[in-house]
Each structure stands twice: as structure tokens, then as C-alpha cells.
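Printed here is coords.cif (mmCIF, C-alpha atoms and all ligand atoms):
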data_run
#
loop_
_atom_site.label_atom_id
_atom_site.label_comp_id
_atom_site.auth_asym_id
_atom_site.auth_seq_id
_atom_site.Cartn_x
_atom_site.Cartn_y
_atom_site.Cartn_z
CA MET A 1 0.00 0.00 0.00
CA ILE A 2 2.84 2.39 0.87
CA GLU A 3 6.39 2.08 -0.32
CA ALA A 4 8.95 4.72 0.62
CA LYS A 5 12.49 4.49 -0.64
CA ASN A 6 15.34 6.67 0.65
CA LEU A 7 12.91 9.46 1.27
CA LYS A 8 14.60 12.70 2.18
CA LYS A 9 13.46 16.23 2.92
CA ILE A 10 15.74 19.16 3.50
CA TYR A 11 14.15 22.48 4.43
CA ARG A 12 16.30 25.22 3.00
CA SER A 13 16.35 28.72 4.35
CA ARG A 14 18.74 31.62 4.50
CA ARG A 15 19.71 30.61 7.98
CA GLY A 16 20.83 27.23 6.75
CA ASP A 17 19.54 23.83 5.76
CA ARG A 18 17.62 21.54 8.05
CA VAL A 19 17.39 17.84 7.30
CA ALA A 20 13.90 16.95 8.53
CA VAL A 21 13.69 13.47 6.98
CA ASP A 22 16.98 11.77 6.38
CA GLY A 23 16.68 9.00 3.81
CA ILE A 24 14.02 6.71 5.26
CA SER A 25 12.64 3.53 3.70
CA PHE A 26 9.59 1.58 4.82
CA THR A 27 6.70 -0.39 3.39
CA VAL A 28 3.17 -0.75 4.68
CA GLY A 29 1.03 -3.65 3.51
CA GLU A 30 -2.62 -3.60 2.51
CA GLY A 31 -4.83 -3.54 5.60
CA GLU A 32 -1.92 -3.08 7.95
CA PHE A 33 -1.92 -0.77 10.96
CA PHE A 34 1.48 0.91 10.91
CA SER A 35 2.85 3.50 13.35
CA PHE A 36 5.61 6.05 13.32
CA LEU A 37 6.73 6.54 16.91
CA GLY A 38 8.96 9.49 17.62
CA PRO A 39 9.39 12.62 19.75
CA ASN A 40 8.77 16.23 18.68
CA GLY A 41 10.72 17.21 15.61
CA ALA A 42 11.51 13.62 14.56
CA GLY A 43 10.13 14.27 11.06
CA LYS A 44 6.76 12.52 11.30
CA THR A 45 4.59 15.31 9.93
CA THR A 46 7.11 16.09 7.19
CA THR A 47 6.92 12.45 6.08
CA ILE A 48 3.13 12.61 5.97
CA GLN A 49 3.20 15.84 3.98
CA MET A 50 5.32 14.07 1.38
CA MET A 51 2.91 11.10 1.39
CA VAL A 52 -0.03 13.34 0.54
CA ALA A 53 1.89 15.48 -1.98
CA LEU A 54 1.81 18.66 0.07
CA LEU A 55 5.60 18.70 0.06
CA ALA A 56 7.95 17.47 -2.64
CA PRO A 57 10.69 15.15 -1.41
CA THR A 58 14.22 16.51 -1.82
CA SER A 59 15.13 13.03 -3.01
CA GLY A 60 13.83 9.49 -2.87
CA GLU A 61 10.49 8.11 -3.88
CA ILE A 62 7.12 7.30 -2.44
CA ILE A 63 4.56 5.00 -4.01
CA ILE A 64 1.01 4.70 -2.68
CA ASP A 65 -1.31 2.03 -4.02
CA GLY A 66 1.01 1.61 -7.00
CA LEU A 67 1.04 5.33 -7.83
CA ASN A 68 3.99 7.66 -7.64
CA VAL A 69 2.95 10.49 -5.34
CA VAL A 70 5.00 13.10 -7.16
CA THR A 71 3.65 12.34 -10.63
CA SER A 72 0.05 11.42 -9.67
CA PRO A 73 -0.83 13.65 -6.70
CA HIS A 74 -4.55 13.87 -7.43
CA GLU A 75 -5.08 10.14 -7.88
CA VAL A 76 -3.13 9.53 -4.69
CA ARG A 77 -5.18 12.03 -2.67
CA GLN A 78 -8.40 10.31 -3.74
CA ARG A 79 -7.13 7.16 -2.07
CA ILE A 80 -6.13 8.83 1.18
CA GLY A 81 -8.10 10.11 4.14
CA ILE A 82 -5.98 12.38 6.28
CA ILE A 83 -6.40 13.70 9.79
CA PHE A 84 -3.93 16.55 10.17
CA GLN A 85 -2.05 17.21 13.37
CA ASP A 86 -3.59 20.68 13.61
CA PRO A 87 -7.39 20.83 13.76
CA SER A 88 -8.88 21.65 10.39
CA LEU A 89 -12.67 21.68 10.90
CA ASP A 90 -14.68 24.82 10.31
CA ASP A 91 -16.13 25.37 13.76
CA ARG A 92 -18.68 27.93 12.57
CA LEU A 93 -20.39 25.10 10.69
CA THR A 94 -22.32 22.14 12.05
CA ALA A 95 -20.90 18.62 11.99
CA TRP A 96 -23.17 17.77 9.07
CA GLU A 97 -22.16 20.88 7.12
CA ASN A 98 -18.48 20.06 7.56
CA LEU A 99 -19.09 16.64 6.03
CA GLU A 100 -21.21 18.15 3.23
CA PHE A 101 -18.48 20.59 2.34
CA HIS A 102 -15.82 17.90 2.21
CA GLY A 103 -18.06 15.56 0.23
CA ARG A 104 -18.71 18.19 -2.43
CA LEU A 105 -15.02 19.00 -2.60
CA TYR A 106 -14.37 15.38 -3.46
CA GLY A 107 -17.21 15.32 -5.98
CA ILE A 108 -19.27 12.70 -4.14
CA ASP A 109 -22.90 12.64 -5.33
CA SER A 110 -25.51 13.69 -2.80
CA ARG A 111 -27.07 10.25 -2.27
CA THR A 112 -23.74 8.64 -1.49
CA ARG A 113 -22.76 11.64 0.58
CA ASN A 114 -25.84 11.38 2.77
CA LYS A 115 -25.54 7.66 3.17
CA ARG A 116 -21.85 7.74 4.09
CA SER A 117 -22.26 10.76 6.38
CA ASN A 118 -25.05 9.05 8.31
CA PHE A 119 -23.08 5.84 8.57
CA LEU A 120 -19.83 7.49 9.66
CA LEU A 121 -21.46 9.82 12.20
CA ASP A 122 -23.06 6.75 13.65
CA VAL A 123 -19.83 4.72 13.75
CA MET A 124 -18.03 7.68 15.38
CA GLY A 125 -20.79 8.12 17.96
CA ILE A 126 -21.74 11.71 17.04
CA SER A 127 -25.06 11.21 15.23
CA GLU A 128 -26.99 13.06 17.89
CA ARG A 129 -24.81 16.14 17.58
CA ARG A 130 -24.90 16.28 13.79
CA ASN A 131 -26.74 19.62 13.67
CA ASP A 132 -24.71 21.33 16.39
CA LEU A 133 -21.99 23.83 15.63
CA VAL A 134 -18.56 22.24 15.84
CA ARG A 135 -17.57 25.11 18.13
CA THR A 136 -19.63 23.44 20.86
CA PHE A 137 -17.86 20.06 20.54
CA SER A 138 -15.32 18.66 22.98
CA GLY A 139 -11.78 17.98 21.72
CA GLY A 140 -12.47 14.26 21.44
CA MET A 141 -15.68 14.79 19.47
CA LYS A 142 -13.91 17.13 17.06
CA ARG A 143 -11.28 14.47 16.48
CA ARG A 144 -13.94 11.85 15.81
CA LEU A 145 -15.69 14.18 13.37
CA GLU A 146 -12.39 14.77 11.56
CA ILE A 147 -11.96 11.03 11.25
CA ALA A 148 -15.52 10.68 9.88
CA ARG A 149 -14.76 13.43 7.39
CA GLY A 150 -11.46 11.83 6.40
CA LEU A 151 -13.31 8.61 5.59
CA LEU A 152 -16.16 10.16 3.62
CA HIS A 153 -14.70 9.57 0.17
CA SER A 154 -13.99 5.90 1.07
CA PRO A 155 -10.20 6.08 1.08
CA ARG A 156 -8.16 2.88 1.19
CA LEU A 157 -5.55 4.50 3.41
CA LEU A 158 -6.26 6.50 6.54
CA ILE A 159 -3.42 8.73 7.77
CA LEU A 160 -3.63 10.00 11.33
CA ASP A 161 -1.05 12.56 12.48
CA GLU A 162 -0.99 12.43 16.30
CA PRO A 163 -4.77 12.03 16.50
CA THR A 164 -4.99 12.19 20.28
CA LEU A 165 -2.46 14.93 21.00
CA GLY A 166 -3.71 17.26 23.70
CA LEU A 167 -6.73 15.15 24.61
CA ASP A 168 -7.35 14.04 28.18
CA PRO A 169 -6.91 10.30 28.86
CA HIS A 170 -10.64 9.61 28.74
CA SER A 171 -11.09 11.29 25.34
CA ARG A 172 -7.98 9.57 24.03
CA ARG A 173 -9.42 6.20 24.94
CA SER A 174 -12.70 6.99 23.30
CA VAL A 175 -11.05 8.24 20.09
CA TRP A 176 -9.16 4.95 20.00
CA GLU A 177 -12.26 2.87 20.56
CA TYR A 178 -13.79 4.56 17.52
CA ILE A 179 -10.67 4.16 15.38
CA HIS A 180 -10.64 0.42 16.13
CA ARG A 181 -14.35 0.23 15.45
CA VAL A 182 -14.09 1.96 12.09
CA ARG A 183 -11.20 -0.32 11.15
CA ARG A 184 -13.38 -3.33 11.91
CA GLU A 185 -16.39 -1.99 10.04
CA VAL A 186 -14.73 -0.30 7.07
CA GLY A 187 -11.40 -2.10 6.84
CA MET A 188 -8.51 -0.04 5.54
CA THR A 189 -4.80 0.55 5.93
CA VAL A 190 -3.94 2.89 8.80
CA PHE A 191 -0.79 4.98 9.05
CA LEU A 192 -0.41 6.63 12.43
CA THR A 193 2.13 8.96 13.95
CA THR A 194 2.34 9.28 17.69
CA HIS A 195 4.67 9.89 20.55
CA TYR A 196 2.55 7.79 22.90
CA LEU A 197 4.01 4.34 23.47
CA GLU A 198 0.68 2.67 24.18
CA GLU A 199 -0.71 3.82 20.85
CA ALA A 200 2.22 2.46 18.88
CA ASP A 201 2.04 -0.73 20.90
CA SER A 202 -1.36 -1.63 19.52
CA SER A 203 -0.21 -1.41 15.89
CA ASP A 204 0.85 -4.33 13.67
CA ARG A 205 4.23 -2.80 13.00
CA VAL A 206 6.05 0.26 14.23
CA ALA A 207 8.92 2.35 12.93
CA ILE A 208 10.82 4.23 15.59
CA MET A 209 11.89 7.62 14.35
CA SER A 210 14.46 10.00 15.73
CA SER A 211 16.08 13.07 14.14
CA GLY A 212 14.80 12.26 10.67
CA LYS A 213 15.90 8.63 10.71
CA ILE A 214 14.13 5.33 11.28
CA VAL A 215 16.27 3.76 13.98
CA ALA A 216 14.31 0.50 14.26
CA GLN A 217 11.22 -1.09 12.77
CA GLY A 218 9.24 -4.27 13.25
CA THR A 219 6.36 -5.65 15.26
CA PRO A 220 6.24 -4.15 18.77
CA ASP A 221 6.82 -7.64 20.16
CA ARG A 222 9.88 -8.30 18.03
CA LEU A 223 11.47 -4.95 18.85
CA LYS A 224 11.04 -5.55 22.56
CA LYS A 225 12.31 -9.14 22.39
CA ASP A 226 15.34 -8.05 20.37
CA LEU A 227 16.23 -5.62 23.14
CA SER A 228 16.04 -8.07 26.00
CA SER A 229 13.82 -10.55 27.77
CA GLU A 230 13.72 -8.50 30.97
CA MET A 231 14.43 -5.01 32.25
CA LEU A 232 15.88 -4.65 35.73
CA SER A 233 15.39 -1.67 37.94
CA VAL A 234 17.62 -1.42 40.98
CA GLU A 235 17.61 1.27 43.65
CA THR A 236 20.71 1.65 45.77
CA GLU A 237 22.50 4.12 48.08
CA ASN A 238 25.37 4.39 45.69
CA PRO A 239 24.34 4.23 42.03
CA ASP A 240 27.84 5.13 40.80
CA SER A 241 29.34 2.05 42.42
CA LEU A 242 26.56 -0.11 41.10
CA ASN A 243 27.06 1.32 37.63
CA ALA A 244 30.80 0.58 37.82
CA TYR A 245 30.16 -2.94 39.10
CA LEU A 246 27.66 -3.73 36.34
CA ILE A 247 29.87 -2.48 33.53
CA SER A 248 32.94 -4.30 34.80
CA HIS A 249 31.07 -7.59 35.17
CA TYR A 250 28.72 -7.38 32.20
CA SER A 251 30.52 -5.51 29.44
CA SER A 252 27.49 -5.63 27.11
CA LEU A 253 25.75 -3.18 29.48
CA GLU A 254 28.12 -0.39 28.50
CA GLY A 255 25.96 2.50 27.32
CA GLN A 256 22.74 0.72 28.24
CA ILE A 257 22.33 1.67 31.85
CA ARG A 258 19.91 4.47 32.43
CA ARG A 259 19.66 6.51 35.60
CA GLU A 260 16.15 7.17 36.82
CA GLY A 261 15.65 10.01 39.26
CA ASP A 262 17.18 9.34 42.68
CA GLY A 263 19.41 6.30 43.00
CA THR A 264 17.75 3.94 40.55
CA LEU A 265 19.43 2.28 37.60
CA LEU A 266 17.49 0.67 34.78
CA PHE A 267 19.13 -1.82 32.41
CA PRO A 268 18.34 -4.84 30.24
CA LEU A 269 19.25 -8.33 31.35
CA PRO A 270 22.53 -9.03 29.48
CA PRO A 271 21.76 -11.55 26.74
CA GLY A 272 23.51 -14.85 26.11
CA LEU A 273 24.71 -15.47 29.67
CA ASP A 274 22.09 -17.98 30.69
CA LEU A 275 21.47 -15.85 33.73
CA SER A 276 18.15 -15.14 35.38
CA PRO A 277 17.42 -11.59 36.54
CA TRP A 278 17.39 -12.95 40.10
CA ASP A 279 20.85 -14.51 39.68
CA LEU A 280 22.15 -11.18 38.52
CA LEU A 281 20.55 -9.31 41.42
CA ARG A 282 21.96 -11.80 43.93
CA SER A 283 25.45 -11.35 42.49
CA ILE A 284 25.50 -7.62 43.27
CA PRO A 285 27.82 -7.09 46.28
CA LEU A 286 26.23 -3.75 47.28
CA PRO A 287 23.23 -2.94 49.46
CA ILE A 288 20.06 -2.82 47.39
CA ARG A 289 17.07 -0.83 48.59
CA GLU A 290 14.60 -2.06 46.07
CA ALA A 291 14.66 -4.05 42.88
CA SER A 292 12.10 -4.99 40.27
CA VAL A 293 11.97 -6.88 37.01
CA ARG A 294 9.63 -6.23 34.11
CA ARG A 295 9.30 -6.84 30.38
CA PRO A 296 10.78 -4.19 28.06
CA ASN A 297 8.44 -1.62 26.54
CA LEU A 298 8.80 0.55 23.43
CA ASP A 299 10.29 3.37 25.47
CA ASP A 300 13.15 1.05 26.41
CA VAL A 301 13.57 0.18 22.74
CA PHE A 302 13.60 3.86 21.86
CA ILE A 303 16.21 4.66 24.50
CA TYR A 304 18.38 1.77 23.40
CA HIS A 305 18.41 3.04 19.82
CA THR A 306 18.69 6.76 20.46
CA GLY A 307 20.24 7.20 23.88
CA SER A 308 17.34 9.31 25.14
CA GLY A 309 13.78 8.74 26.22
CA LEU A 310 10.45 9.68 24.71
CA LYS A 311 8.48 12.32 26.48
CA SER A 312 5.97 10.94 28.89
CA GLU A 313 2.29 11.62 28.51
CA ASN A 314 2.29 13.97 31.48
CA ALA A 315 5.20 16.01 30.23
CA ASP A 316 3.32 16.97 27.10
CA LYS A 317 4.00 20.67 26.68
CA ARG A 318 1.64 21.33 23.84
CA GLY A 319 -1.71 21.53 25.58
CA GLY A 320 -5.30 21.11 24.49
CA ARG A 321 -6.73 21.85 21.13
N1 LIG A 401 8.29 24.48 7.15
C1 LIG A 401 9.42 24.18 7.79
N2 LIG A 401 10.55 24.89 7.57
C2 LIG A 401 11.71 24.60 8.22
N3 LIG A 401 11.84 23.58 9.09
C3 LIG A 401 10.76 22.84 9.34
C4 LIG A 401 9.49 23.09 8.72
N4 LIG A 401 8.59 22.17 9.18
C5 LIG A 401 9.26 21.40 10.03
N5 LIG A 401 10.56 21.78 10.14
C6 LIG A 401 11.61 21.13 10.96
O1 LIG A 401 11.75 19.80 10.51
C7 LIG A 401 11.94 18.90 11.59
C8 LIG A 401 10.85 17.84 11.58
O2 LIG A 401 9.60 18.45 11.83
P1 LIG A 401 8.23 17.65 11.81
O3 LIG A 401 7.13 18.63 12.01
O4 LIG A 401 8.18 16.80 10.62
O5 LIG A 401 8.39 16.74 13.10
P2 LIG A 401 7.30 15.87 13.88
O6 LIG A 401 7.91 14.54 14.12
O7 LIG A 401 6.00 15.92 13.18
O8 LIG A 401 7.21 16.64 15.27
P3 LIG A 401 5.93 16.87 16.24
O9 LIG A 401 5.81 15.65 17.09
O10 LIG A 401 6.34 18.07 17.04
O11 LIG A 401 4.74 17.14 15.39
C9 LIG A 401 11.94 19.76 12.84
O12 LIG A 401 13.27 20.03 13.17
C10 LIG A 401 11.21 21.02 12.42
O13 LIG A 401 11.66 22.11 13.16
MG MG A 402 4.16 16.48 13.69
#

Could you express the structure from this file as C-alpha cells?
Ligand SMILES: Nc1ncnc2c1ncn2[C@@H]1O[C@H](COP(=O)(O)OP(=O)(O)OP(=O)(O)O)[C@@H](O)[C@H]1O
Ligand SMILES: [Mg+2]
Amino acid sequence: MIEAKNLKKIYRSRRGDRVAVDGISFTVGEGEFFSFLGPNGAGKTTTIQMMVALLAPTSGEIIIDGLNVVTSPHEVRQRIGIIFQDPSLDDRLTAWENLEFHGRLYGIDSRTRNKRSNFLLDVMGISERRNDLVRTFSGGMKRRLEIARGLLHSPRLLILDEPTLGLDPHSRRSVWEYIHRVRREVGMTVFLTTHYLEEADSSDRVAIMSSGKIVAQGTPDRLKKDLSSEMLSVETENPDSLNAYLISHYSSLEGQIRREGDGTLLFPLPPGLDLSPWDLLRSIPLPIREASVRRPNLDDVFIYHTGSGLKSENADKRGGR
């Protein structure tokens, strides 16, 4: 469905060049749910803008549904429903009018338009508010209406650029319930960008993006298993000594030990030693205040590949929409 090869985008300005997307390659299969996981400025939105022909790649190629985006932009856009990162509804219009407007823009005849609008408002759980001004909608409802609108012309690919950014946890969950529901009922390929781990975790495959590059890609399970079977977290009086002990005894931990707040170190269980996490903990000749063992998550994977963490949900600077 999507095939990107060595895709690159350099923004040029008088103050210098900025490489926003640095030669990335990925493919997304028909019906797949694929995520780009990356922090602010990773290049996610720039990639999407190239996918929908709003930006020309500096080099490289992108094919969607067999069509080259650069040479067939209109045909490609017909096949894509896009939910932009920044809200794009007209909030002086009602929900229904927003759909009408979009439907006409795409040249959908009125019978089909009505039928699809009714169906999608129903799937997205906003039928009852169809004649209310969008201005009066909550952030989550606006997002759901944007998704309904993006699906009106029956695209085969739905692109969602950080669809739940700035929503409270309850609205985020509800937006996701509806996305899953529409996938079940309509069936299409979904391309998502997010910096929330849990969202990427529910996708079929994920590409981890940092500073314009894809640093790892695969199923969430595979990526976590490739990192390690277990993550150990150890709190001690003297983290520097523990750090020194770990590196001298388990050389593969060099560069993989992360300090968390006070005196806690987090690190993967060194692979290939036939050692249980408990064996390793018992071998430590220093007083331990607290220790725990858990499975790796995508944040661990991200840190391993980039040396720094993703922002947590609570640290989200860019507030509500
Ligand atoms: N129009 C532009 N001109 C110059 N630089 C830009 C432009 N748009 C984006 N950039 C830069 O390109 C890089 C990638 O930006 P992009 O918006 O693609 O990231 P992102 O992953 O979508 O981030 P976010 O999570 O904040 O939305 C950033 O360094 C950004 O500052
Ligand atoms: Mg973005």
C-alpha cells in the first residue's frame, strides 16, 4: 500500500539547511496498521506531507497504491483520508455541514454523501450532535468528526497525524475505541504517527523515528524481544558504584544503563549469559534498597536506539486543542 524508498526532505532557508527526513525507507502492507513513533521534531509530519503530496521530497520516492505520489498527486489524494495534526474543521459550521463541504469538494454525489455521512457519524458516535456547531464540541468529538470526514470519500488508506495529542486520557481512549471500530467496520490501511508508546504498541508494526531517521522497525513484540527478555530496575545508596560494578562484570551493558531520578538504575538483562534476573541481582555485592523486574516496553527500545527517552504523557508541553 505504501512504499517509501530513501525518502529525504531538506528544508532550505537563508539561515541554513535543516534535514527533517533523512533518507528513510519503509513499506506498509494492505490492511496493515502501521505506526511512526517518535518525539517532537523527529520528522513525522514532514513524512506525511510528502505522502499526501503537500511537500515534494528533496530526493527518494514514495509509491502509494502503485502510484507515484510526485507524478500522480490527485489520484493519490483520492485514495487517502488524512487527519492533520492541527485541527482543520470549520467550527462555525455544524458537523453535518463540515461533512457536506468535504463531500462536495471530493465530488461525491448527494445520495452517497448522505448515506456515508449518516453511517460514519453513527460509527463515530456523534449522530446526535450532527446539527450542532462544531464550536460546541469537545476535543475528542472534534477528532472523531475529523476522522468521519477523512473517511467520507472511502479512502483505502487513513493517515492520522498524532490524532490524540492534547486530549485528556478519557477522550484519548474513546477516540481509539472509535478508530478500532471503524477499522473493523470499514477495513482499511492505517498509518499513524504518535509519541505515545501505548498507541504504537497496539499497531501491527512500528517504525521508531528520531532526528529524521528510522532507527528501528518491526512488530512491537519483536522490537522488545530483540532488546532483551527482561528489564531490571535497581535502587541503591550508591548508584555510581553499582554502575561501575555492572559495567565491569557485564561488558554488554556499557551505554545501556539508564539513571532514573534518585538512585535507581534501569538496564536490560545481558543476553547470552544464561542468567536469570534474580541470579544477577543476587550477584551484586552492594546494598540494594529495592529491585524490580519487568518486560521491556517501546520506550526502552527507543532509548536503546537513540540514547534518550520519549516524552511521557504527562510532560506533554503542547496543551489542548
Ligand atoms: N516548514 C518548515 N521549515 C523549516 N523547518 C521545518 C518546517 N517544518 C518542520 N521543520 C523542521 O523539521 C523537523 C521535523 O519536523 P516535523 O514537524 O516533521 O516533526 P514531527 O515529528 O512531526 O514533530 P511533532 O511531534 O512536534 O509534530 C523539525 O526540526 C522542524 O523544526
Ligand atoms: Mg508532527

>> Which residues are near segment 16-30 of chain A? Cut-off 6 Å, all atoms listed in the file, ignore same chain within fewer than 4 positions. Put them as a PyMOL selection string.
In response: chain A and resi 1-12+43+189+212-213

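Minimum distance to Ser174 of chain A across A:Gly125, A:Arg135, A:Leu54, A:Ala95 (counting only C-alpha atoms) occurs at A:Gly125.
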
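Remark: for ligand MG 402 (chain A), the closest of the candidate residues A:Thr194, A:Arg183, A:Trp176, A:Thr164 is A:Thr194 (distances computed over only C-alpha atoms and all ligand atoms).
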
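With atom CA of Leu145 of chain A on one side and atom N3 of ligand LIG 401 (chain A) on the other, the separation reads 29.4 Å.
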
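Residues in contact with ligand LIG 401 (chain A) (atom pairs separated by at most 6 Å; all atoms listed in the file) are A:Tyr11, A:Ala20, A:Pro39, A:Asn40, A:Gly41, A:Ala42, A:Gly43, A:Lys44, A:Thr45, A:Thr46.
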
>> Just to confirm, what's the straight-line distance from atom CA of Arg113 of chain A to atom CA of Glu32 of chain A in Å (one decimal)?
In response: 26.6 Å

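Counting only C-alpha atoms and all ligand atoms and comparing A:Glu162, A:Glu237, A:Glu146, A:Asp90, the residue that lies closest to ligand MG 402 (chain A) is A:Glu162.
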
> Can you list, as an NGL selection string, every protein, DNA or RNA residue that comes within 12 Å of Asp300 of chain A when you count only C-alpha atoms, leaving out same-chain residues fewer than 4 positions away?
Replying inline: :A and (197 or 208 or 220 or 223-232 or 256-258 or 266-268 or 294-296 or 304-310)

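Compared by their closest atoms to Ser251 of chain A, and using only C-alpha atoms, the residues A:Ile83, A:Val234, A:Ile126, A:Leu269 rank with A:Leu269 nearest.
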
>> Can you pull out the residues contacting segment 270-285 of chain A? Cut-off 7 Å, using all atoms listed in the file, and skip same-chain residues under 3 positions away; I want them as a ChimeraX atom specification.
In response: /A:228,250,252-253

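Distances to ligand MG 402 (chain A) were evaluated for A:Leu152, A:Leu192, A:Val206, A:Ser72 using all atoms listed in the file, and the minimum falls at A:Leu192.
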
> Which of these, A:Gly150, A:Gly140, A:Gly60, A:Pro163, has the shortest distance to ligand MG 402 (chain A) once you count all atoms listed in the file?
Replying inline: A:Pro163

>> When you look at Arg116 of chain A with a cut-off of 10 Å (counting all atoms listed in the file), what residues show up, excluding the ones that are within fewer than 4 positions of it in the same chain? I need them as a ChimeraX atom specification.
In response: /A:99,103,108,110-112,120-122,148-149,151-154

>> Which residues are near Pro73 of chain A? Cut-off 9 Å, all atoms listed in the file, ignore same chain within fewer than 6 positions. Put them as a list in words.
In response: Val52, Ala53, Leu54 and Leu67 of chain A

Would you compute an axis-aligned box for segment 247-265 of chain A, covering every atom listed for it in the file with 5 Å of margin on each side, and report centre and edge lengths in Å to one decimal as lines of an AutoDock Vina configuration file?
center_x = 24.3
center_y = 1.2
center_z = 35.1
size_x = 27.3
size_y = 27.6
size_z = 25.9

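Going from atom CA of Ile82 of chain A to atom CA of Val134 of chain A covers 18.6 Å.
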